[in-house]
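Colleague: Mind having a look at this structure? Questions to follow.
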Amino acid sequence: MTGGATDVTGGATGAAREAITAGRATLGIELGSTRIKACLIGPDHVPVATGSHAWENDLLDGVWTYSLDDVWAGLQASVAALAADVEQRYGVRLTTLAGLGVSAMMHGYMAFDADGELLVPFRTWRNTSTGRAAAELTDLFGFNVPLRWSVAHYYQAVLDHEEHVPQVASLTTLAGYVHRRLTGRDVLGVGDASGMFPIDPATHDYDATMLARFDELVSPRRPGLRLRDLLPEVLVAGQEAGTLTEEGAALLDPTGALRAGVPVCPPEGDAGTGMVATNSVAPRTGNVSAGTSIFAMVVLEKPLRRVHHELDVVTTPAGDLVAMVHCNNGASELNAWAGLLGELLAATGRPTEPDDVFRALFRAALDGDADGGGLLAYNYLAGEPITGLDEGRPLVVRTPGSRLTLANFARTQIYGVFGTLALGMRVLAAEDVALDAMFAHGGMFRTEGVAQRLLAAAIGAPVAVGETAGDGGAWGIAVLAAYAAAGSGQDLGTYLAERVFADARLDVVEPAAADEEGFAAYLERYAAGLAVERAATQAL
């Protein structure tokens, strides 16, 4: 990637204006857990404008969900904000594009009838009600099927005799749903598809043997069912995935400025776009994405030896195998504490911008004891499958001998975000999976040198952060859209290395011995203290 990130001045302004006017810019949109973000990039892959919209999931009748009305309102708001940014920066309207891509949080359950109507509210990745289904399918396939995967949700609905099951005509993900409405094509990028059903790395399609086993399993309850008929077509990065229709253009931009006919790349999940955004699609590379959830992706050189419930096996957007450590709970609890401290400052007559509160909190963490001073923090707002918890209760725990200081509290809260992830990464290390470097992205890494340093200690590997650490998946899907539009014939890894990241500036932090020792001591207490977390879910 050449040049800077989002600040565009001088000659770059004129070049960006010309690219936008000529329709040579590419738009990526990602529906994340707390924010829908749009990112416009120029032909050099540098962001030239952004727009975003905040949203939150709802807990309705025990189900974590987002309404479809909120999906479209949020998409329109983020695109409108981006269009306003374009006009403010360059004095032109955004009317056409070289390419477009949509990404979203992976997994979950979206079931539609033959008319394309959603049969039950969208069940997000955060729901943990599929324990029986996931366990039975894991045994049947000899392949770990996590609780949040679409096939687990569908099979659980079959087991529970849910009324909507006979009407299901199609299943897809959130990104697949949006793409279908924008283009009329029922397709999915292979990375996102790998969170619906296991992928055969040889064919880059759903595993045929496992599909047959599933159909046989459900035949007493659903005679004649072919699960393959319910699933989207699988595409790899760079393949043709449709164009923006008139209806789709109107859905994104009700003002009518955005024109139809734009080529749209295969829709991907946030894990895949995170790999692209951090140039970690080659074996022995990996990335950590920290948001409402936190997950690590490590591209494998060979299949894992055993099935591990802590590890998903998914793919890159090009279809290569990836081991994924997915934790349902990420930075939300840390955000809540930062908000509380901001309220305290405001109450003392010193109102402070949220970003400044975060910076102060993070910088304080560097002065904390290496092991957190004996404090423990559990960020479990939701259940956490890796540690066997169906529900969560956020906790801060200390003993009479703990050192309760702001620095230790801050350090412990950051450690808490990485705790479950570290447990999963230790399983991966036991498989002798080689990792040369871990790339990190997400809002946690905007404060230079703090979360990055502590993550390096947590996983025992160098952690790199680049210029787009805060832009993340929206930039990643914009790059995938540019890759598809280029039609260069290069494989994705070569395209990223030579055309996107050739001049990228990376800040790499090696794990410090003192931090590693401190985090190891913390993690030992953290694992033992899970008994307290389990008791809290039963008592509260």
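Residue numbers start at 1 in each chain; chains themselves are named A, B, ... in the order of the structure tokens; ligands are numbered from 1 in the order shown.
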Sort by chain and increasing residue number a table of all residues of segment 67-130 of chain A within 10 Å of segment 328-337 of chain A, each with its closest pair of atoms and their distance in Å to one decimal, counting only C-alpha atoms, and write it as a tab-separated table.
Modeller:
residue	atom	partner	partner_atom	distance
A:Trp125	CA	A:Asn328	CA	7.8
A:Arg126	CA	A:Asn328	CA	6.1
A:Asn127	CA	A:Asn328	CA	9.0
A:Thr128	CA	A:Asn328	CA	9.5
Colleague: Segment 349-365 of chain A: which residues within 12 Å, counting only C-alpha atoms, same-chain residues fewer than 4 positions away excluded, as a ChimeraX atom specification?
Modeller: /A:331,334-345,369-373,405-415,443-454,515
Colleague: Quick one: write out the picked residues with N, CA and C atoms as a compact mmCIF listing (two decimals), in the first residue's frame?
Modeller:
# COMPACT_ATOMS: atom_id res chain seq x y z
N ALA A 331 -13.93 -6.72 23.17
CA ALA A 331 -13.62 -5.46 23.83
C ALA A 331 -14.84 -4.75 24.41
N LEU A 334 -14.42 -3.82 28.13
CA LEU A 334 -13.41 -2.77 28.22
C LEU A 334 -14.01 -1.42 27.81
N ASN A 335 -14.79 -1.42 26.75
CA ASN A 335 -15.46 -0.19 26.31
C ASN A 335 -16.41 0.34 27.38
N ALA A 336 -17.11 -0.58 28.06
CA ALA A 336 -18.06 -0.17 29.10
C ALA A 336 -17.33 0.53 30.26
N TRP A 337 -16.19 -0.03 30.67
CA TRP A 337 -15.43 0.59 31.74
C TRP A 337 -14.88 1.95 31.32
N ALA A 338 -14.42 2.05 30.08
CA ALA A 338 -13.94 3.34 29.60
C ALA A 338 -15.07 4.37 29.61
N GLY A 339 -16.27 3.92 29.24
CA GLY A 339 -17.42 4.82 29.29
C GLY A 339 -17.72 5.29 30.71
N LEU A 340 -17.63 4.36 31.67
CA LEU A 340 -17.86 4.72 33.07
C LEU A 340 -16.84 5.74 33.56
N LEU A 341 -15.58 5.54 33.22
CA LEU A 341 -14.55 6.49 33.63
C LEU A 341 -14.75 7.85 32.97
N GLY A 342 -15.25 7.83 31.73
CA GLY A 342 -15.58 9.09 31.07
C GLY A 342 -16.69 9.82 31.79
N GLU A 343 -17.69 9.09 32.29
CA GLU A 343 -18.78 9.70 33.07
C GLU A 343 -18.23 10.31 34.35
N LEU A 344 -17.29 9.61 34.99
CA LEU A 344 -16.69 10.12 36.22
C LEU A 344 -15.97 11.44 35.96
N LEU A 345 -15.21 11.50 34.87
CA LEU A 345 -14.53 12.74 34.53
C LEU A 345 -15.52 13.87 34.28
N ASP A 369 1.58 -3.87 37.10
CA ASP A 369 2.40 -5.05 37.35
C ASP A 369 2.25 -6.02 36.18
N ALA A 370 3.31 -6.76 35.88
CA ALA A 370 3.30 -7.65 34.72
C ALA A 370 2.19 -8.70 34.80
N ASP A 371 1.84 -9.11 36.02
CA ASP A 371 0.78 -10.12 36.18
C ASP A 371 -0.57 -9.49 36.51
N GLY A 372 -0.67 -8.16 36.42
CA GLY A 372 -1.93 -7.48 36.73
C GLY A 372 -2.15 -7.24 38.21
N GLY A 373 -1.14 -7.50 39.03
CA GLY A 373 -1.27 -7.21 40.46
C GLY A 373 -2.21 -8.11 41.21
N THR A 405 -4.91 -0.79 41.61
CA THR A 405 -4.50 0.53 41.14
C THR A 405 -5.10 0.73 39.76
N LEU A 406 -5.12 1.97 39.30
CA LEU A 406 -5.62 2.22 37.95
C LEU A 406 -4.78 1.46 36.92
N ALA A 407 -3.47 1.44 37.11
CA ALA A 407 -2.59 0.77 36.15
C ALA A 407 -2.87 -0.73 36.09
N ASN A 408 -3.03 -1.36 37.26
CA ASN A 408 -3.32 -2.79 37.29
C ASN A 408 -4.72 -3.08 36.76
N PHE A 409 -5.66 -2.21 37.10
CA PHE A 409 -7.02 -2.40 36.58
C PHE A 409 -7.02 -2.32 35.06
N ALA A 410 -6.34 -1.32 34.50
CA ALA A 410 -6.30 -1.15 33.05
C ALA A 410 -5.61 -2.34 32.38
N ARG A 411 -4.49 -2.75 32.95
CA ARG A 411 -3.76 -3.88 32.37
C ARG A 411 -4.60 -5.15 32.40
N THR A 412 -5.28 -5.35 33.52
CA THR A 412 -6.11 -6.55 33.67
C THR A 412 -7.28 -6.56 32.70
N GLN A 413 -7.89 -5.40 32.45
CA GLN A 413 -8.98 -5.34 31.50
C GLN A 413 -8.49 -5.71 30.09
N ILE A 414 -7.31 -5.26 29.72
CA ILE A 414 -6.76 -5.62 28.41
C ILE A 414 -6.39 -7.10 28.39
N TYR A 415 -5.77 -7.58 29.46
CA TYR A 415 -5.50 -9.01 29.57
C TYR A 415 -6.81 -9.82 29.44
N GLY A 443 -10.02 -1.42 16.67
CA GLY A 443 -9.87 -0.17 17.40
C GLY A 443 -8.94 -0.24 18.60
N MET A 444 -8.80 -1.43 19.21
CA MET A 444 -7.91 -1.56 20.37
C MET A 444 -6.48 -1.19 20.05
N PHE A 445 -6.09 -1.30 18.79
CA PHE A 445 -4.69 -1.13 18.43
C PHE A 445 -4.37 0.28 17.93
N ARG A 446 -5.34 1.19 18.08
CA ARG A 446 -5.08 2.57 17.65
C ARG A 446 -4.17 3.30 18.62
N THR A 447 -4.21 2.94 19.89
CA THR A 447 -3.29 3.53 20.87
C THR A 447 -1.96 2.80 20.74
N GLU A 448 -0.99 3.49 20.23
CA GLU A 448 0.25 2.86 19.80
C GLU A 448 0.97 2.14 20.94
N GLY A 449 1.34 0.89 20.67
CA GLY A 449 2.27 0.18 21.51
C GLY A 449 1.72 -0.41 22.79
N VAL A 450 0.40 -0.39 23.02
CA VAL A 450 -0.13 -0.91 24.27
C VAL A 450 -0.76 -2.29 24.07
N ALA A 451 -1.94 -2.34 23.45
CA ALA A 451 -2.58 -3.63 23.20
C ALA A 451 -1.67 -4.52 22.38
N GLN A 452 -0.92 -3.92 21.45
CA GLN A 452 0.01 -4.68 20.61
C GLN A 452 1.06 -5.39 21.47
N ARG A 453 1.65 -4.66 22.41
CA ARG A 453 2.68 -5.23 23.28
C ARG A 453 2.10 -6.33 24.16
N LEU A 454 0.91 -6.11 24.71
CA LEU A 454 0.33 -7.09 25.62
C LEU A 454 -0.18 -8.31 24.86
N ASP A 515 6.89 -9.39 30.28
CA ASP A 515 5.46 -9.40 29.98
C ASP A 515 4.95 -10.83 29.79
Colleague: In Å, rounded to a single decimal, give me how far atom CA of Val288 of chain A is from atom CA of Leu506 of chain A.
Modeller: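 The value is 15.0 Å.
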Colleague: Which value, in Å to one decimal, gives the distance between atom CA of His164 of chain A and atom CA of Ala152 of chain A?
Modeller: 15.7 Å
Colleague: Near Ala25 of chain A, within 6 Å and counting only C-alpha atoms, which residues show up once chain neighbours fewer than 3 positions away are dropped, as a list in words?
Modeller: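 Final neighbour list, sorted by chain and number: Ala19, Ile20, Ile41, Gly42, Leu97 and Ala98 of chain A.
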Colleague: Restricted to N, CA and C atoms, what would the selected residues look like written as a PDB file, in the first residue's frame?
Modeller:
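Final output, again-v7.pdb:
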ATOM      1  N   ALA A  19     -10.086  10.066  -9.785  1.00  0.00           N
ATOM      2  CA  ALA A  19     -10.436   8.643  -9.727  1.00  0.00           C
ATOM      3  C   ALA A  19     -11.908   8.451  -9.388  1.00  0.00           C
ATOM      4  N   ILE A  20     -12.413   9.249  -8.454  1.00  0.00           N
ATOM      5  CA  ILE A  20     -13.824   9.146  -8.072  1.00  0.00           C
ATOM      6  C   ILE A  20     -14.717   9.550  -9.241  1.00  0.00           C
ATOM      7  N   ILE A  41     -11.703   3.375  -1.649  1.00  0.00           N
ATOM      8  CA  ILE A  41     -10.268   3.384  -1.923  1.00  0.00           C
ATOM      9  C   ILE A  41     -10.014   3.778  -3.375  1.00  0.00           C
ATOM     10  N   GLY A  42      -8.861   4.384  -3.606  1.00  0.00           N
ATOM     11  CA  GLY A  42      -8.468   4.743  -4.954  1.00  0.00           C
ATOM     12  C   GLY A  42      -7.775   3.591  -5.654  1.00  0.00           C
ATOM     13  N   LEU A  97     -18.625   3.356  -9.615  1.00  0.00           N
ATOM     14  CA  LEU A  97     -17.493   2.723  -8.958  1.00  0.00           C
ATOM     15  C   LEU A  97     -16.843   1.710  -9.887  1.00  0.00           C
ATOM     16  N   ALA A  98     -15.575   1.412  -9.603  1.00  0.00           N
ATOM     17  CA  ALA A  98     -14.908   0.325 -10.321  1.00  0.00           C
ATOM     18  C   ALA A  98     -15.311  -1.029  -9.776  1.00  0.00           C
TER      19      ALA A  98
END
Colleague: Using only C-alpha atoms, what does the table of segment 265-315 of chain A residues within 8 Å of segment 426-431 of chain A look like, with each row giving the shortest atom pair and its distance in Å to one decimal, sorted by chain and ascending number, as a Markdown table?
Modeller:
| residue | atom | partner | partner_atom | distance |
| --- | --- | --- | --- | --- |
| A:Leu304 | CA | A:Glu431 | CA | 6.9 |
| A:Arg305 | CA | A:Glu431 | CA | 7.1 |
| A:His308 | CA | A:Val427 | CA | 7.9 |
| A:Glu310 | CA | A:Val427 | CA | 7.4 |
| A:Leu311 | CA | A:Leu428 | CA | 7.7 |
Colleague: Any chance you could export the current selection's N, CA and C atoms as a PDB file, in the first residue's frame?
Modeller:
ATOM      1  N   LEU A 304      -4.806 -30.001  10.594  1.00  0.00           N
ATOM      2  CA  LEU A 304      -4.561 -30.321  11.997  1.00  0.00           C
ATOM      3  C   LEU A 304      -4.618 -31.833  12.206  1.00  0.00           C
ATOM      4  N   ARG A 305      -3.889 -32.303  13.200  1.00  0.00           N
ATOM      5  CA  ARG A 305      -3.852 -33.744  13.462  1.00  0.00           C
ATOM      6  C   ARG A 305      -5.145 -34.238  14.107  1.00  0.00           C
ATOM      7  N   HIS A 308     -10.328 -30.277  17.618  1.00  0.00           N
ATOM      8  CA  HIS A 308     -10.292 -29.526  18.874  1.00  0.00           C
ATOM      9  C   HIS A 308     -11.521 -28.623  18.930  1.00  0.00           C
ATOM     10  N   GLU A 310     -11.776 -26.040  20.584  1.00  0.00           N
ATOM     11  CA  GLU A 310     -11.327 -24.653  20.669  1.00  0.00           C
ATOM     12  C   GLU A 310     -10.986 -24.058  19.301  1.00  0.00           C
ATOM     13  N   LEU A 311     -10.824 -24.892  18.277  1.00  0.00           N
ATOM     14  CA  LEU A 311     -10.345 -24.445  16.974  1.00  0.00           C
ATOM     15  C   LEU A 311     -11.356 -24.728  15.878  1.00  0.00           C
TER      16      LEU A 311
END
Colleague: Write out as a CSV table (one decimal) with N, CA and C atoms, in the first residue's frame the residues lying within 7 Å of Thr273 of chain A, counting only C-alpha atoms and excluding same-chain residues fewer than 5 positions away.
Modeller:
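Generated file (out-v3.csv):
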chain,number,residue,atom,x,y,z
A,268,GLU,N,-17.9,-11.6,1.7
A,268,GLU,CA,-17.0,-12.3,2.6
A,268,GLU,C,-17.4,-12.0,4.1
A,473,GLY,N,-11.9,-4.4,8.4
A,473,GLY,CA,-12.5,-5.1,7.4
A,473,GLY,C,-13.2,-4.4,6.2
A,476,GLY,N,-10.5,-4.1,3.9
A,476,GLY,CA,-10.2,-5.4,3.4
A,476,GLY,C,-11.2,-5.8,2.3
A,477,ILE,N,-12.5,-5.6,2.4
A,477,ILE,CA,-13.4,-6.0,1.4
A,477,ILE,C,-13.3,-5.0,0.2
Colleague: From a DSSP calculation on the backbone, collect every residue of segment 230-434 of chain A in helix (DSSP H, G or I) and output the set as a short mmCIF file (atom, residue, chain, number, x, y, z; two decimals) with N, CA and C atoms, in the first residue's frame.
Modeller:
data_model
loop_
_atom_site.label_atom_id
_atom_site.label_comp_id
_atom_site.auth_asym_id
_atom_site.auth_seq_id
_atom_site.Cartn_x
_atom_site.Cartn_y
_atom_site.Cartn_z
N LEU A 230 -30.03 -25.74 -0.20
CA LEU A 230 -30.38 -24.60 0.64
C LEU A 230 -29.23 -23.61 0.76
N GLU A 246 -30.47 -2.13 -10.36
CA GLU A 246 -31.17 -0.87 -10.07
C GLU A 246 -31.77 -0.90 -8.67
N GLU A 247 -32.38 -2.03 -8.33
CA GLU A 247 -32.96 -2.17 -6.99
C GLU A 247 -31.87 -2.09 -5.92
N GLY A 248 -30.73 -2.75 -6.18
CA GLY A 248 -29.64 -2.72 -5.22
C GLY A 248 -29.07 -1.34 -5.03
N ALA A 249 -28.91 -0.60 -6.13
CA ALA A 249 -28.39 0.77 -6.04
C ALA A 249 -29.31 1.64 -5.20
N ALA A 250 -30.62 1.46 -5.38
CA ALA A 250 -31.59 2.24 -4.62
C ALA A 250 -31.58 1.86 -3.14
N LEU A 251 -31.31 0.58 -2.85
CA LEU A 251 -31.22 0.15 -1.45
C LEU A 251 -30.03 0.80 -0.74
N LEU A 252 -28.91 0.92 -1.43
CA LEU A 252 -27.73 1.53 -0.83
C LEU A 252 -27.84 3.05 -0.77
N ASP A 270 -16.16 -11.29 8.12
CA ASP A 270 -15.18 -10.37 8.71
C ASP A 270 -13.84 -11.04 8.98
N ALA A 271 -13.83 -12.35 9.14
CA ALA A 271 -12.55 -13.04 9.31
C ALA A 271 -11.72 -12.96 8.04
N GLY A 272 -12.36 -13.19 6.90
CA GLY A 272 -11.65 -13.13 5.63
C GLY A 272 -11.14 -11.75 5.31
N THR A 273 -11.96 -10.73 5.57
CA THR A 273 -11.52 -9.36 5.27
C THR A 273 -10.40 -8.94 6.23
N GLY A 274 -10.43 -9.48 7.44
CA GLY A 274 -9.33 -9.20 8.36
C GLY A 274 -8.02 -9.78 7.87
N MET A 275 -8.07 -10.97 7.27
CA MET A 275 -6.86 -11.56 6.71
C MET A 275 -6.32 -10.70 5.57
N VAL A 276 -7.21 -10.21 4.72
CA VAL A 276 -6.79 -9.37 3.61
C VAL A 276 -6.22 -8.05 4.14
N ALA A 277 -6.90 -7.45 5.10
CA ALA A 277 -6.49 -6.15 5.62
C ALA A 277 -5.14 -6.19 6.32
N SER A 332 -16.02 -5.35 24.37
CA SER A 332 -17.22 -4.64 24.83
C SER A 332 -17.14 -4.24 26.29
N GLU A 333 -16.66 -5.14 27.15
CA GLU A 333 -16.58 -4.83 28.57
C GLU A 333 -15.53 -3.75 28.84
N LEU A 334 -14.42 -3.82 28.13
CA LEU A 334 -13.41 -2.77 28.22
C LEU A 334 -14.01 -1.42 27.81
N ASN A 335 -14.79 -1.42 26.75
CA ASN A 335 -15.46 -0.19 26.31
C ASN A 335 -16.41 0.34 27.38
N ALA A 336 -17.11 -0.58 28.06
CA ALA A 336 -18.06 -0.17 29.10
C ALA A 336 -17.33 0.53 30.26
N TRP A 337 -16.19 -0.03 30.67
CA TRP A 337 -15.43 0.59 31.74
C TRP A 337 -14.88 1.95 31.32
N ALA A 338 -14.42 2.05 30.08
CA ALA A 338 -13.94 3.34 29.60
C ALA A 338 -15.07 4.37 29.61
N GLY A 339 -16.27 3.92 29.24
CA GLY A 339 -17.42 4.82 29.29
C GLY A 339 -17.72 5.29 30.71
N LEU A 340 -17.63 4.36 31.67
CA LEU A 340 -17.86 4.72 33.07
C LEU A 340 -16.84 5.74 33.56
N LEU A 341 -15.58 5.54 33.22
CA LEU A 341 -14.55 6.49 33.63
C LEU A 341 -14.75 7.85 32.97
N GLY A 342 -15.25 7.83 31.73
CA GLY A 342 -15.58 9.09 31.07
C GLY A 342 -16.69 9.82 31.79
N GLU A 343 -17.69 9.09 32.29
CA GLU A 343 -18.78 9.70 33.07
C GLU A 343 -18.23 10.31 34.35
N LEU A 344 -17.29 9.61 34.99
CA LEU A 344 -16.69 10.12 36.22
C LEU A 344 -15.97 11.44 35.96
N LEU A 345 -15.21 11.50 34.87
CA LEU A 345 -14.53 12.74 34.53
C LEU A 345 -15.52 13.87 34.28
N ALA A 346 -16.60 13.55 33.57
CA ALA A 346 -17.61 14.58 33.30
C ALA A 346 -18.26 15.05 34.58
N ALA A 347 -18.46 14.13 35.54
CA ALA A 347 -19.08 14.50 36.82
C ALA A 347 -18.18 15.43 37.64
N PRO A 354 -14.11 10.43 24.30
CA PRO A 354 -13.91 8.99 24.51
C PRO A 354 -12.54 8.50 24.08
N ASP A 355 -12.03 8.98 22.95
CA ASP A 355 -10.71 8.53 22.49
C ASP A 355 -9.62 8.91 23.49
N ASP A 356 -9.77 10.07 24.13
CA ASP A 356 -8.78 10.49 25.12
C ASP A 356 -8.86 9.63 26.38
N VAL A 357 -10.08 9.22 26.75
CA VAL A 357 -10.23 8.32 27.90
C VAL A 357 -9.54 6.99 27.60
N PHE A 358 -9.76 6.46 26.41
CA PHE A 358 -9.12 5.20 26.03
C PHE A 358 -7.60 5.32 26.05
N ARG A 359 -7.09 6.41 25.50
CA ARG A 359 -5.63 6.57 25.46
C ARG A 359 -5.06 6.61 26.88
N ALA A 360 -5.72 7.34 27.76
CA ALA A 360 -5.22 7.43 29.14
C ALA A 360 -5.28 6.07 29.83
N LEU A 361 -6.37 5.35 29.61
CA LEU A 361 -6.53 4.03 30.24
C LEU A 361 -5.47 3.06 29.71
N PHE A 362 -5.27 3.07 28.41
CA PHE A 362 -4.30 2.14 27.82
C PHE A 362 -2.88 2.48 28.27
N ARG A 363 -2.55 3.76 28.27
CA ARG A 363 -1.19 4.13 28.67
C ARG A 363 -0.93 3.80 30.14
N ALA A 364 -1.97 3.90 30.96
CA ALA A 364 -1.81 3.52 32.37
C ALA A 364 -1.47 2.04 32.49
N ALA A 365 -2.00 1.22 31.58
CA ALA A 365 -1.77 -0.22 31.65
C ALA A 365 -0.30 -0.57 31.59
N GLY A 372 -0.67 -8.16 36.42
CA GLY A 372 -1.93 -7.48 36.73
C GLY A 372 -2.15 -7.24 38.21
N GLY A 373 -1.14 -7.50 39.03
CA GLY A 373 -1.27 -7.21 40.46
C GLY A 373 -2.21 -8.11 41.21
N GLY A 374 -2.50 -9.29 40.63
CA GLY A 374 -3.40 -10.21 41.31
C GLY A 374 -4.87 -10.01 40.98
N PRO A 385 -17.89 -20.52 24.23
CA PRO A 385 -17.73 -21.96 23.97
C PRO A 385 -16.34 -22.50 24.28
N ILE A 386 -15.30 -21.74 24.08
CA ILE A 386 -13.94 -22.25 24.31
C ILE A 386 -13.77 -22.67 25.76
N THR A 387 -14.38 -21.95 26.70
CA THR A 387 -14.26 -22.29 28.11
C THR A 387 -15.51 -23.00 28.64
N LEU A 406 -5.12 1.97 39.30
CA LEU A 406 -5.62 2.22 37.95
C LEU A 406 -4.78 1.46 36.92
N ALA A 407 -3.47 1.44 37.11
CA ALA A 407 -2.59 0.77 36.15
C ALA A 407 -2.87 -0.73 36.09
N ASN A 408 -3.03 -1.36 37.26
CA ASN A 408 -3.32 -2.79 37.29
C ASN A 408 -4.72 -3.08 36.76
N PHE A 409 -5.66 -2.21 37.10
CA PHE A 409 -7.02 -2.40 36.58
C PHE A 409 -7.02 -2.32 35.06
N ALA A 410 -6.34 -1.32 34.50
CA ALA A 410 -6.30 -1.15 33.05
C ALA A 410 -5.61 -2.34 32.38
N ARG A 411 -4.49 -2.75 32.95
CA ARG A 411 -3.76 -3.88 32.37
C ARG A 411 -4.60 -5.15 32.40
N THR A 412 -5.28 -5.35 33.52
CA THR A 412 -6.11 -6.55 33.67
C THR A 412 -7.28 -6.56 32.70
N GLN A 413 -7.89 -5.40 32.45
CA GLN A 413 -8.98 -5.34 31.50
C GLN A 413 -8.49 -5.71 30.09
N ILE A 414 -7.31 -5.26 29.72
CA ILE A 414 -6.76 -5.62 28.41
C ILE A 414 -6.39 -7.10 28.39
N TYR A 415 -5.77 -7.58 29.46
CA TYR A 415 -5.50 -9.01 29.57
C TYR A 415 -6.81 -9.82 29.44
N GLY A 416 -7.88 -9.31 30.04
CA GLY A 416 -9.16 -10.01 29.99
C GLY A 416 -9.67 -10.20 28.57
N VAL A 417 -9.41 -9.21 27.70
CA VAL A 417 -9.81 -9.34 26.30
C VAL A 417 -9.05 -10.48 25.64
N PHE A 418 -7.78 -10.68 26.05
CA PHE A 418 -6.92 -11.67 25.41
C PHE A 418 -6.92 -13.03 26.11
N GLY A 419 -7.59 -13.14 27.27
CA GLY A 419 -7.48 -14.36 28.08
C GLY A 419 -7.96 -15.62 27.37
N THR A 420 -9.20 -15.62 26.93
CA THR A 420 -9.73 -16.82 26.28
C THR A 420 -9.00 -17.10 24.97
N LEU A 421 -8.65 -16.03 24.25
CA LEU A 421 -7.88 -16.20 23.01
C LEU A 421 -6.56 -16.94 23.30
N ALA A 422 -5.89 -16.57 24.36
CA ALA A 422 -4.61 -17.20 24.70
C ALA A 422 -4.79 -18.68 25.00
N LEU A 423 -5.89 -19.04 25.66
CA LEU A 423 -6.15 -20.46 25.92
C LEU A 423 -6.28 -21.23 24.62
N GLY A 424 -6.99 -20.65 23.65
CA GLY A 424 -7.12 -21.30 22.36
C GLY A 424 -5.81 -21.36 21.60
N MET A 425 -5.01 -20.32 21.68
CA MET A 425 -3.74 -20.30 20.97
C MET A 425 -2.77 -21.35 21.53
N ARG A 426 -2.89 -21.68 22.80
CA ARG A 426 -2.05 -22.72 23.37
C ARG A 426 -2.41 -24.09 22.80
N VAL A 427 -3.68 -24.30 22.48
CA VAL A 427 -4.07 -25.55 21.80
C VAL A 427 -3.43 -25.60 20.41
N LEU A 428 -3.42 -24.48 19.73
CA LEU A 428 -2.81 -24.42 18.40
C LEU A 428 -1.31 -24.68 18.49
N ALA A 429 -0.67 -24.14 19.50
CA ALA A 429 0.78 -24.37 19.67
C ALA A 429 1.07 -25.84 19.91
N ALA A 430 0.18 -26.53 20.63
CA ALA A 430 0.37 -27.95 20.89
C ALA A 430 0.27 -28.79 19.62
#
Colleague: For each of A:Glu533, A:Asp160, A:Asp320, A:Asp115, take the minimum atom-to-atom distance to His204 of chain A, counting only C-alpha atoms, then give the residue where this is smallest.
Modeller: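 Closest residue, counting only C-alpha atoms: A:Asp320.
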Colleague: Quick one, how far is atom CA of Asp192 of chain A from atom CA of Val307 of chain A?
Modeller: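 Computed distance, atom CA of Asp192 of chain A to atom CA of Val307 of chain A, equals 20.6 Å.
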Colleague: Go through A:Gln490, A:Thr183, A:Ser150, A:Thr315 one by one, measure the shortest atom-to-atom distance of each to Leu227 of chain A using only C-alpha atoms, and give the residue with the smallest value.
Modeller: A:Ser150
Colleague: Might you pull out every residue within 7 Å of segment 156-158 of chain A, with only C-alpha atoms counted and same-chain residues fewer than 4 positions away left off, and present them as an mmCIF file with N, CA and C atoms, in the first residue's frame?
Modeller:
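So part-v8.cif came out as:
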data_model
loop_
_atom_site.group_PDB
_atom_site.id
_atom_site.type_symbol
_atom_site.label_atom_id
_atom_site.label_comp_id
_atom_site.auth_asym_id
_atom_site.auth_seq_id
_atom_site.Cartn_x
_atom_site.Cartn_y
_atom_site.Cartn_z
ATOM 1 N N THR A 130 -27.035 -24.023 20.536
ATOM 2 C CA THR A 130 -26.962 -25.125 19.579
ATOM 3 C C THR A 130 -26.043 -26.249 20.050
ATOM 4 N N ALA A 133 -26.787 -29.917 18.747
ATOM 5 C CA ALA A 133 -26.572 -30.028 17.302
ATOM 6 C C ALA A 133 -25.088 -30.002 16.974
ATOM 7 N N ALA A 152 -25.122 -25.799 12.341
ATOM 8 C CA ALA A 152 -25.498 -26.152 13.710
ATOM 9 C C ALA A 152 -26.841 -25.531 14.068
ATOM 10 N N GLU A 162 -38.851 -26.857 15.201
ATOM 11 C CA GLU A 162 -39.333 -25.490 15.050
ATOM 12 C C GLU A 162 -40.277 -25.388 13.851
ATOM 13 N N VAL A 165 -39.165 -24.714 10.034
ATOM 14 C CA VAL A 165 -38.225 -25.569 9.312
ATOM 15 C C VAL A 165 -38.769 -26.080 7.978
#
Colleague: Go through A:Glu240, A:Asp186, A:Asp312, A:Glu233 and flag the residue nearest Val262 of chain A, using only C-alpha atoms for the distances.
Modeller: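 Closest to Val262 of chain A of all the choices is A:Glu240.
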Colleague: Just list the residues in segment 164-269 of chain A DSSP gives strand (DSSP E or B) on the backbone, as a list in words.
Modeller: Ser170, Leu171, Thr172, Val187, Leu188, Gly189, Ile199, Asp200, Asp205, Tyr206, Glu233, Val234, Leu235, Thr243, Pro263, Val264, Glu268 and Gly269 of chain A
Colleague: Let's have the selection written as a compact mmCIF listing (two decimals), in the first residue's frame, with C-alpha atoms.
Modeller:
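Writing done, so here's part_31.txt:
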# COMPACT_ATOMS: atom_id res chain seq x y z
CA SER A 170 -32.48 -21.02 1.52
CA LEU A 171 -29.86 -20.34 4.15
CA THR A 172 -27.18 -17.67 4.03
CA VAL A 187 -23.46 -16.65 -3.77
CA LEU A 188 -20.91 -16.54 -0.97
CA GLY A 189 -17.16 -16.12 -0.74
CA ILE A 199 -15.27 -26.77 3.00
CA ASP A 200 -13.26 -29.31 1.03
CA ASP A 205 -16.74 -26.12 -2.20
CA TYR A 206 -18.84 -27.68 0.55
CA GLU A 233 -23.00 -21.10 -4.42
CA VAL A 234 -19.38 -20.89 -3.25
CA LEU A 235 -16.92 -18.57 -5.01
CA THR A 243 -23.40 -6.58 -10.63
CA PRO A 263 -19.29 -5.28 -10.50
CA VAL A 264 -19.62 -6.77 -7.02
CA GLU A 268 -17.02 -12.34 2.61
CA GLY A 269 -17.04 -12.67 6.37
